[in-house]
file entry.txt (compact mmCIF, C-alpha atoms and all ligand atoms)
# COMPACT_ATOMS: atom_id res chain seq x y z
CA MET A 69 -18.66 6.13 -54.45
CA LYS A 70 -15.56 6.50 -52.29
CA ILE A 71 -12.53 7.87 -54.11
CA PHE A 72 -9.18 7.09 -52.49
CA SER A 73 -5.71 8.04 -53.62
CA THR A 74 -3.73 6.44 -50.81
CA ILE A 75 -3.00 2.79 -50.09
CA LYS A 76 -3.70 3.26 -46.37
CA GLU A 77 -7.26 4.57 -46.69
CA THR A 78 -8.13 1.98 -49.37
CA ASN A 79 -6.71 -0.79 -47.24
CA GLU A 80 -8.53 0.30 -44.10
CA TYR A 81 -11.88 0.83 -45.80
CA LEU A 82 -11.78 -2.57 -47.52
CA ALA A 83 -10.51 -4.41 -44.42
CA ALA A 84 -13.63 -3.17 -42.60
CA ARG A 85 -15.88 -4.39 -45.45
CA ARG A 86 -14.16 -7.80 -45.47
CA SER A 87 -14.63 -8.13 -41.71
CA GLU A 88 -18.37 -7.55 -42.27
CA GLY A 89 -18.26 -10.64 -44.52
CA LYS A 90 -18.61 -8.72 -47.81
CA THR A 91 -17.09 -10.11 -51.01
CA ILE A 92 -14.93 -7.83 -53.13
CA GLY A 93 -14.87 -7.81 -56.94
CA PHE A 94 -11.97 -5.89 -58.48
CA VAL A 95 -11.42 -4.40 -61.93
CA PRO A 96 -7.92 -2.93 -62.37
CA THR A 97 -7.69 -0.39 -65.21
CA MET A 98 -5.54 2.38 -66.60
CA GLY A 99 -8.61 4.59 -67.10
CA ALA A 100 -9.96 6.00 -70.40
CA LEU A 101 -12.87 3.69 -69.65
CA HIS A 102 -14.93 2.23 -72.47
CA GLU A 103 -17.78 -0.25 -72.78
CA GLY A 104 -15.30 -3.17 -72.51
CA HIS A 105 -14.26 -2.01 -69.03
CA LEU A 106 -17.87 -1.30 -68.06
CA GLU A 107 -18.86 -4.87 -68.97
CA LEU A 108 -16.18 -6.19 -66.59
CA MET A 109 -17.55 -3.89 -63.91
CA ARG A 110 -21.18 -4.89 -64.44
CA ARG A 111 -20.20 -8.53 -64.08
CA ALA A 112 -18.09 -7.84 -60.97
CA ARG A 113 -20.99 -5.77 -59.57
CA LYS A 114 -23.37 -8.71 -60.04
CA GLU A 115 -21.07 -11.36 -58.58
CA ASN A 116 -19.78 -9.49 -55.49
CA ASP A 117 -21.01 -7.25 -52.65
CA ILE A 118 -18.43 -4.52 -53.24
CA LEU A 119 -17.09 -3.29 -56.60
CA VAL A 120 -13.60 -1.81 -56.51
CA VAL A 121 -11.98 -0.23 -59.58
CA SER A 122 -8.45 1.10 -59.83
CA ILE A 123 -7.29 3.72 -62.30
CA PHE A 124 -3.53 3.96 -62.56
CA VAL A 125 -1.52 4.55 -65.73
CA ASN A 126 1.33 2.27 -64.69
CA PRO A 127 4.57 3.85 -65.96
CA ILE A 128 6.67 0.70 -65.52
CA GLN A 129 4.66 -1.31 -68.05
CA PHE A 130 5.35 1.15 -70.89
CA ASN A 131 8.47 0.23 -72.82
CA ASN A 132 7.94 3.26 -75.06
CA PRO A 133 7.99 6.72 -73.33
CA ASP A 134 5.98 8.26 -76.16
CA ASP A 135 3.21 5.67 -75.67
CA LEU A 136 3.09 6.56 -71.94
CA LYS A 137 2.89 10.27 -72.73
CA LYS A 138 0.09 9.80 -75.29
CA TYR A 139 -1.94 7.36 -73.19
CA PRO A 140 -5.41 8.94 -72.79
CA ARG A 141 -6.18 10.32 -69.31
CA THR A 142 -9.86 11.13 -68.75
CA LEU A 143 -10.44 10.93 -64.98
CA GLU A 144 -13.52 13.19 -64.82
CA GLU A 145 -15.34 11.30 -67.57
CA ASP A 146 -14.25 8.00 -66.01
CA ILE A 147 -15.72 8.94 -62.61
CA LYS A 148 -19.11 9.59 -64.26
CA LYS A 149 -19.02 6.16 -65.89
CA LEU A 150 -18.05 4.51 -62.60
CA GLU A 151 -21.05 6.12 -60.93
CA GLN A 152 -23.30 4.70 -63.65
CA VAL A 153 -22.12 1.15 -62.93
CA GLN A 154 -22.47 1.74 -59.17
CA CYS A 155 -18.83 1.36 -58.33
CA ASP A 156 -18.28 1.45 -54.54
CA VAL A 157 -14.59 2.33 -54.41
CA LEU A 158 -12.26 3.99 -56.90
CA PHE A 159 -8.58 3.67 -56.04
CA ALA A 160 -6.67 6.25 -58.09
CA PRO A 161 -3.13 6.62 -56.76
CA ASP A 162 -0.23 8.52 -58.30
CA ALA A 163 3.14 7.01 -59.18
CA GLU A 164 4.81 8.14 -55.92
CA GLU A 165 2.14 6.39 -53.90
CA MET A 166 2.57 3.15 -55.85
CA TYR A 167 6.36 3.28 -56.26
CA PRO A 168 7.97 5.26 -53.43
CA GLU A 169 11.20 3.35 -54.18
CA LYS A 170 12.89 2.18 -57.35
CA VAL A 171 11.35 -1.07 -58.57
CA THR A 172 13.83 -3.92 -59.03
CA LYS A 173 11.71 -7.08 -58.88
CA GLN A 174 12.12 -9.41 -61.88
CA TYR A 175 9.58 -12.16 -62.49
CA ASP A 176 10.40 -15.28 -64.46
CA PHE A 177 7.38 -16.42 -66.46
CA GLY A 178 9.36 -18.97 -68.48
CA GLU A 179 8.29 -19.03 -72.12
CA LEU A 180 4.99 -17.19 -71.51
CA ASP A 181 6.45 -13.70 -71.87
CA LYS A 182 9.04 -14.51 -74.55
CA VAL A 183 6.52 -14.57 -77.40
CA MET A 184 4.16 -12.07 -79.08
CA GLU A 185 3.75 -8.95 -76.89
CA GLY A 186 6.71 -10.03 -74.75
CA LYS A 187 9.01 -10.12 -77.78
CA PHE A 188 8.06 -6.64 -78.96
CA ARG A 189 7.56 -4.92 -75.59
CA PRO A 190 10.53 -5.84 -73.39
CA GLY A 191 9.77 -5.41 -69.68
CA HIS A 192 6.05 -4.86 -70.32
CA PHE A 193 4.76 -7.97 -68.56
CA ASN A 194 7.17 -7.59 -65.66
CA GLY A 195 5.68 -4.11 -65.13
CA VAL A 196 2.13 -5.47 -65.42
CA ALA A 197 2.87 -8.28 -62.94
CA ILE A 198 4.44 -5.90 -60.42
CA VAL A 199 1.49 -3.51 -60.45
CA VAL A 200 -1.15 -6.26 -60.42
CA LYS A 201 0.55 -7.99 -57.45
CA LYS A 202 0.68 -4.66 -55.62
CA LEU A 203 -2.97 -3.86 -56.41
CA PHE A 204 -4.03 -7.34 -55.26
CA ASP A 205 -2.12 -6.79 -51.98
CA ILE A 206 -3.90 -3.46 -51.45
CA VAL A 207 -7.43 -4.48 -52.46
CA GLN A 208 -7.32 -8.20 -51.50
CA PRO A 209 -10.24 -9.00 -53.79
CA HIS A 210 -12.15 -12.27 -53.82
CA ARG A 211 -12.44 -12.05 -57.61
CA ALA A 212 -10.60 -9.98 -60.24
CA TYR A 213 -11.91 -9.41 -63.77
CA PHE A 214 -9.77 -9.15 -66.92
CA GLY A 215 -10.71 -8.85 -70.59
CA GLU A 216 -9.63 -11.52 -73.07
CA LYS A 217 -8.48 -8.87 -75.55
CA ASP A 218 -5.20 -8.82 -73.60
CA PHE A 219 -4.94 -12.57 -73.99
CA GLN A 220 -1.28 -12.89 -73.09
CA GLN A 221 -1.69 -10.55 -70.11
CA LEU A 222 -4.42 -12.83 -68.80
CA ALA A 223 -2.13 -15.89 -69.10
CA ILE A 224 0.65 -14.01 -67.27
CA ILE A 225 -1.71 -12.91 -64.48
CA LYS A 226 -2.98 -16.47 -63.99
CA LYS A 227 0.65 -17.59 -63.73
CA LEU A 228 1.45 -14.75 -61.30
CA VAL A 229 -1.43 -15.79 -59.04
CA GLU A 230 -0.18 -19.38 -59.10
CA MET A 231 3.47 -18.41 -58.47
CA GLU A 232 2.65 -16.02 -55.61
CA ASN A 233 -0.19 -18.13 -54.15
CA ILE A 234 -2.56 -15.17 -54.25
CA PRO A 235 -6.02 -16.12 -52.93
CA VAL A 236 -8.04 -14.52 -55.74
CA GLU A 237 -10.24 -15.96 -58.47
CA ILE A 238 -9.26 -14.62 -61.89
CA VAL A 239 -12.38 -14.16 -64.04
CA PRO A 240 -11.67 -13.90 -67.81
CA CYS A 241 -14.32 -11.92 -69.74
CA PRO A 242 -15.05 -11.97 -73.49
CA ILE A 243 -13.82 -9.20 -75.79
CA VAL A 244 -16.38 -6.40 -76.30
CA ARG A 245 -16.50 -5.12 -79.88
CA GLU A 246 -17.84 -2.07 -81.68
CA PRO A 247 -20.72 -2.85 -84.09
CA ASP A 248 -18.18 -3.01 -86.96
CA GLY A 249 -16.06 -5.58 -85.09
CA LEU A 250 -13.23 -3.39 -83.78
CA ALA A 251 -12.22 -4.62 -80.31
CA MET A 252 -12.86 -1.90 -77.74
CA SER A 253 -9.66 -0.34 -76.45
CA SER A 254 -8.65 2.90 -74.76
CA ARG A 255 -6.23 3.39 -77.65
CA ASN A 256 -9.08 3.52 -80.22
CA ARG A 257 -9.71 7.14 -79.26
CA LEU A 258 -6.22 8.01 -80.58
CA LEU A 259 -7.22 6.95 -84.12
CA THR A 260 -7.98 9.62 -86.73
CA PRO A 261 -11.45 9.30 -88.36
CA GLU A 262 -9.76 7.81 -91.47
CA GLN A 263 -7.82 5.26 -89.41
CA ARG A 264 -10.95 4.41 -87.46
CA LYS A 265 -12.63 3.50 -90.77
CA GLU A 266 -9.78 1.13 -91.67
CA ALA A 267 -9.52 -0.48 -88.20
CA PRO A 268 -12.30 -3.16 -88.60
CA PHE A 269 -9.99 -4.84 -91.15
CA ILE A 270 -8.20 -6.38 -88.14
CA TYR A 271 -11.20 -8.36 -86.90
CA ARG A 272 -12.38 -9.17 -90.45
CA THR A 273 -8.98 -10.75 -91.11
CA LEU A 274 -9.07 -12.71 -87.84
CA GLN A 275 -12.53 -13.98 -88.78
CA GLU A 276 -11.13 -15.07 -92.13
CA ALA A 277 -8.41 -17.04 -90.29
CA LYS A 278 -11.08 -18.78 -88.22
CA LEU A 279 -13.14 -19.64 -91.30
CA ARG A 280 -10.21 -20.88 -93.37
CA ARG A 281 -8.77 -23.09 -90.68
CA GLN A 282 -11.32 -25.76 -91.68
CA HIS A 283 -9.53 -26.11 -95.01
CA ILE A 284 -5.88 -25.09 -94.53
CA CYS A 285 -3.05 -26.36 -92.28
CA ALA A 286 -1.72 -24.09 -89.56
CA ASN A 287 1.55 -23.02 -91.21
CA PRO A 288 0.11 -21.98 -94.61
CA LEU A 289 -2.82 -20.31 -92.85
CA ARG A 290 -0.42 -18.30 -90.67
CA GLN A 291 1.47 -17.18 -93.79
CA MET A 292 -1.76 -16.34 -95.65
CA ILE A 293 -2.96 -14.08 -92.85
CA ILE A 294 0.46 -12.44 -92.50
CA ASN A 295 0.29 -11.70 -96.24
CA ARG A 296 -3.19 -10.17 -95.82
CA PHE A 297 -1.95 -7.74 -93.17
CA GLU A 298 1.26 -6.97 -95.04
CA GLY A 299 -0.75 -6.38 -98.21
CA ASN A 300 -2.81 -3.61 -96.60
CA GLU A 301 -0.98 -0.29 -96.89
CA HIS A 302 -2.73 1.21 -93.85
CA PHE A 303 -1.25 -1.30 -91.40
CA LYS A 304 2.19 -2.25 -90.23
CA LEU A 305 2.11 -5.80 -88.90
CA GLU A 306 4.12 -6.47 -85.75
CA TYR A 307 3.12 -10.11 -85.34
CA PHE A 308 0.39 -12.54 -86.22
CA ASP A 309 0.52 -15.98 -84.64
CA ILE A 310 -1.63 -19.04 -84.03
CA VAL A 311 -0.90 -20.33 -80.54
CA ASP A 312 -1.86 -22.82 -77.86
CA ASP A 313 -4.12 -20.94 -75.44
CA LYS A 314 -2.23 -22.17 -72.36
CA THR A 315 1.46 -22.24 -73.34
CA LEU A 316 1.12 -19.43 -75.95
CA GLN A 317 3.57 -21.38 -78.13
CA PRO A 318 2.94 -21.45 -81.91
CA ILE A 319 0.79 -24.29 -83.28
CA HIS A 320 2.13 -25.93 -86.45
CA ALA A 321 -0.51 -28.61 -87.00
CA TRP A 322 -4.14 -28.78 -85.93
CA ASN A 323 -4.16 -32.37 -84.62
CA ASN A 324 -7.75 -31.66 -83.50
CA LYS A 325 -6.18 -29.53 -80.83
CA VAL A 326 -8.60 -27.67 -78.60
CA GLY A 327 -7.61 -24.29 -77.23
CA THR A 328 -6.08 -22.50 -80.20
CA VAL A 329 -6.06 -18.73 -80.53
CA ALA A 330 -4.96 -16.44 -83.36
CA CYS A 331 -3.36 -13.25 -82.02
CA VAL A 332 -2.31 -10.09 -83.80
CA ALA A 333 -0.60 -6.76 -83.11
CA VAL A 334 -0.56 -4.04 -85.77
CA TRP A 335 0.27 -0.40 -86.05
CA LEU A 336 -2.36 1.82 -87.60
CA GLY A 337 -0.41 5.04 -88.06
CA LYS A 338 1.05 5.74 -84.61
CA VAL A 339 -1.49 3.63 -82.73
CA ARG A 340 -0.69 0.06 -81.77
CA LEU A 341 -3.71 -2.26 -81.65
CA ILE A 342 -4.00 -5.89 -80.56
CA ASP A 343 -6.78 -8.39 -81.04
CA ASN A 344 -7.36 -12.14 -81.03
CA ILE A 345 -9.89 -14.79 -81.96
CA ARG A 346 -10.37 -18.32 -80.70
CA ILE A 347 -10.13 -20.54 -83.75
CA ILE A 348 -10.61 -23.91 -82.07
O1 LIG A 401 -5.00 -4.09 -68.83
C1 LIG A 401 -4.69 -3.03 -68.25
O2 LIG A 401 -5.40 -2.02 -68.32
C2 LIG A 401 -3.41 -2.97 -67.43
O3 LIG A 401 -2.40 -3.72 -68.02
C3 LIG A 401 -3.59 -3.37 -65.96
C4 LIG A 401 -4.02 -4.82 -65.82
C5 LIG A 401 -4.62 -2.46 -65.31
C6 LIG A 401 -2.27 -3.21 -65.21
O4 LIG A 401 -1.81 -1.88 -65.27

call {"tool": "encode", "arguments": {"input": "entry.txt", "output": "structure tokens"}}
result
Amino acid sequence: MKIFSTIKETNEYLAARRSEGKTIGFVPTMGALHEGHLELMRRARKENDILVVSIFVNPIQFNNPDDLKKYPRTLEEDIKKLEQVQCDVLFAPDAEEMYPEKVTKQYDFGELDKVMEGKFRPGHFNGVAIVVKKLFDIVQPHRAYFGEKDFQQLAIIKKLVEMENIPVEIVPCPIVREPDGLAMSSRNRLLTPEQRKEAPFIYRTLQEAKLRRQHICANPLRQMIINRFEGNEHFKLEYFDIVDDKTLQPIHAWNNKVGTVACVAVWLGKVRLIDNIRII
């Protein structure tokens, strides 16, 4: 595996592979790799000639400085995992390499980033879009792989690709869960053993929403699930919503609508976790 920390060497190496007619599959990450990331990589490995992974804890997508400071950094362990999935290129730049100048770009994603994560993490998706655009410019992948756990992020990235006419196929991949249902996330390793025991409540409650939607209208179901989260002393609910999977706007009636997702963000102690479930 080649490990590059500069844009120039990554660019040159991959330009040579492209000119040999090789296809490039790309998995952008912030490191602290878990089985969810590795699944994206295995799929990218299978579907492309070259697998490129980036590890960069992107400071401009953190609206909370404490969250940025606490974000797990495990480069040595990550490199071992990348070797196991036969990654060809790791691009691991530092912040000066990625942002030699102050970043001022402002994207307008319309209503997509005004709801859910966007409401509670101002500037977050602008920071994600800026780094993803920059990574796509550097790597120029044929396909890029993203997990559906970050459902809103995926919608924003699809919009970014459309707005900027980026010639890349975005490949959404299903959420990977622990055996007890907890969605895999780099943040899970910040949970205390007690919190880790409570965490599967999130997915259990989402499953309940999916089950009950056969019998209850959208608005009362939304309220019922909010009450469930608020009734559990271990969690602090930030939002729960039932939304259209394309516009991300709240659904108020089922109307046999296809493409409906229930999304949640909760605090478990000092750790913020998100999850979602497709309910139609
Ligand atoms: O999902 C993530 O890990 C990050 O938001 C991403 C897409 C790598 C951009 O920093």

call {"tool": "closest_residue", "arguments": {"input": "entry.txt", "among": "A:Glu216, A:Glu144, A:Glu262, A:Asp156", "to": "ligand LIG 401 (chain A)", "atoms": "all atoms listed in the file"}}
result
A:Glu216

call {"tool": "closest_atom_pairs", "arguments": {"input": "entry.txt", "of": "chain A", "to": "ligand LIG 401 (chain A)", "cutoff": "9 Å", "atoms": "all atoms listed in the file", "output": "Markdown table"}}
result
| residue | atom | partner | partner_atom | distance |
| --- | --- | --- | --- | --- |
| A:Val95 | CA | A:LIG401 | C5 | 7.8 |
| A:Pro96 | CA | A:LIG401 | C5 | 4.4 |
| A:Thr97 | CA | A:LIG401 | C5 | 3.7 |
| A:Met98 | CA | A:LIG401 | O2 | 4.7 |
| A:Gly99 | CA | A:LIG401 | O2 | 7.4 |
| A:His105 | CA | A:LIG401 | O2 | 8.9 |
| A:Ser122 | CA | A:LIG401 | C5 | 7.6 |
| A:Ile123 | CA | A:LIG401 | C5 | 7.4 |
| A:Phe124 | CA | A:LIG401 | O4 | 6.7 |
| A:Val125 | CA | A:LIG401 | O4 | 6.5 |
| A:Asn126 | CA | A:LIG401 | O4 | 5.2 |
| A:Pro127 | CA | A:LIG401 | O4 | 8.6 |
| A:Ile128 | CA | A:LIG401 | O4 | 8.9 |
| A:Gln129 | CA | A:LIG401 | O4 | 7.1 |
| A:His192 | CA | A:LIG401 | O3 | 8.8 |
| A:Phe193 | CA | A:LIG401 | O3 | 8.3 |
| A:Gly195 | CA | A:LIG401 | O4 | 7.8 |
| A:Val196 | CA | A:LIG401 | C6 | 5.0 |
| A:Ala197 | CA | A:LIG401 | C6 | 7.6 |
| A:Ile198 | CA | A:LIG401 | C6 | 8.7 |
| A:Val199 | CA | A:LIG401 | O4 | 6.1 |
| A:Val200 | CA | A:LIG401 | C6 | 5.8 |
| A:Leu203 | CA | A:LIG401 | C6 | 8.9 |
| A:Phe214 | CA | A:LIG401 | O1 | 7.2 |
| A:Gly215 | CA | A:LIG401 | O1 | 7.6 |
| A:Lys217 | CA | A:LIG401 | O1 | 9.0 |
| A:Asp218 | CA | A:LIG401 | O1 | 6.7 |
| A:Gln221 | CA | A:LIG401 | O3 | 7.2 |
| A:Leu222 | CA | A:LIG401 | C4 | 8.6 |
| A:Ile225 | CA | A:LIG401 | C4 | 8.5 |
| A:Ser254 | CA | A:LIG401 | O2 | 8.7 |

call {"tool": "closest_residue", "arguments": {"input": "entry.txt", "among": "A:Leu106, A:Val183, A:Asn116, A:Pro318", "to": "Ile147 of chain A", "atoms": "all atoms listed in the file"}}
result
A:Leu106

call {"tool": "closest_residue", "arguments": {"input": "entry.txt", "among": "A:Ile347, A:Leu305, A:Val120, A:Val339", "to": "Pro140 of chain A", "atoms": "only C-alpha atoms"}}
result
A:Val339

call {"tool": "residues_around", "arguments": {"input": "entry.txt", "residues": "segment 292-298 of chain A", "least_positions_apart": "6", "cutoff": "12 Å", "atoms": "only C-alpha atoms", "output": "ChimeraX atom specification"}}
result
/A:266-267,269-281,284-286,304-310,330-336

call {"tool": "atom_distance", "arguments": {"input": "entry.txt", "atom1": "atom CA of Leu108 of chain A", "atom2": "atom CA of Leu250 of chain A"}}
result
17.7 Å

call {"tool": "closest_residue", "arguments": {"input": "entry.txt", "among": "A:Lys70, A:Lys76, A:Lys173, A:Arg141", "to": "Arg257 of chain A", "atoms": "all atoms listed in the file"}}
result
A:Arg141

call {"tool": "closest_residue", "arguments": {"input": "entry.txt", "among": "A:Val121, A:Ala321, A:Leu101, A:Val311", "to": "Phe72 of chain A", "atoms": "only C-alpha atoms"}}
result
A:Val121

call {"tool": "closest_residue", "arguments": {"input": "entry.txt", "among": "A:Asn132, A:Pro235, A:Leu143, A:Leu180", "to": "Ala160 of chain A", "atoms": "only C-alpha atoms"}}
result
A:Leu143

call {"tool": "residues_around", "arguments": {"input": "entry.txt", "residues": "Val229 of chain A", "least_positions_apart": "4", "cutoff": "12 Å", "atoms": "all atoms listed in the file", "output": "count of residues only"}}
result
20

call {"tool": "residues_near_point", "arguments": {"input": "entry.txt", "point": "(-12.6, 0.1, -46.2)", "cutoff": "12 Å", "atoms": "only C-alpha atoms", "output": "MDAnalysis selection string"}}
result
chainID A and resid 69:72 74:88 90 92 118:120 156:159 206:208

call {"tool": "axis_aligned_box", "arguments": {"input": "entry.txt", "around": "segment 107-121 of chain A", "padding_each_side": "5 Å", "output": "lines of an AutoDock Vina configuration file"}}
result
center_x = -17.7
center_y = -5.8
center_z = -60.8
size_x = 21.4
size_y = 21.1
size_z = 26.3
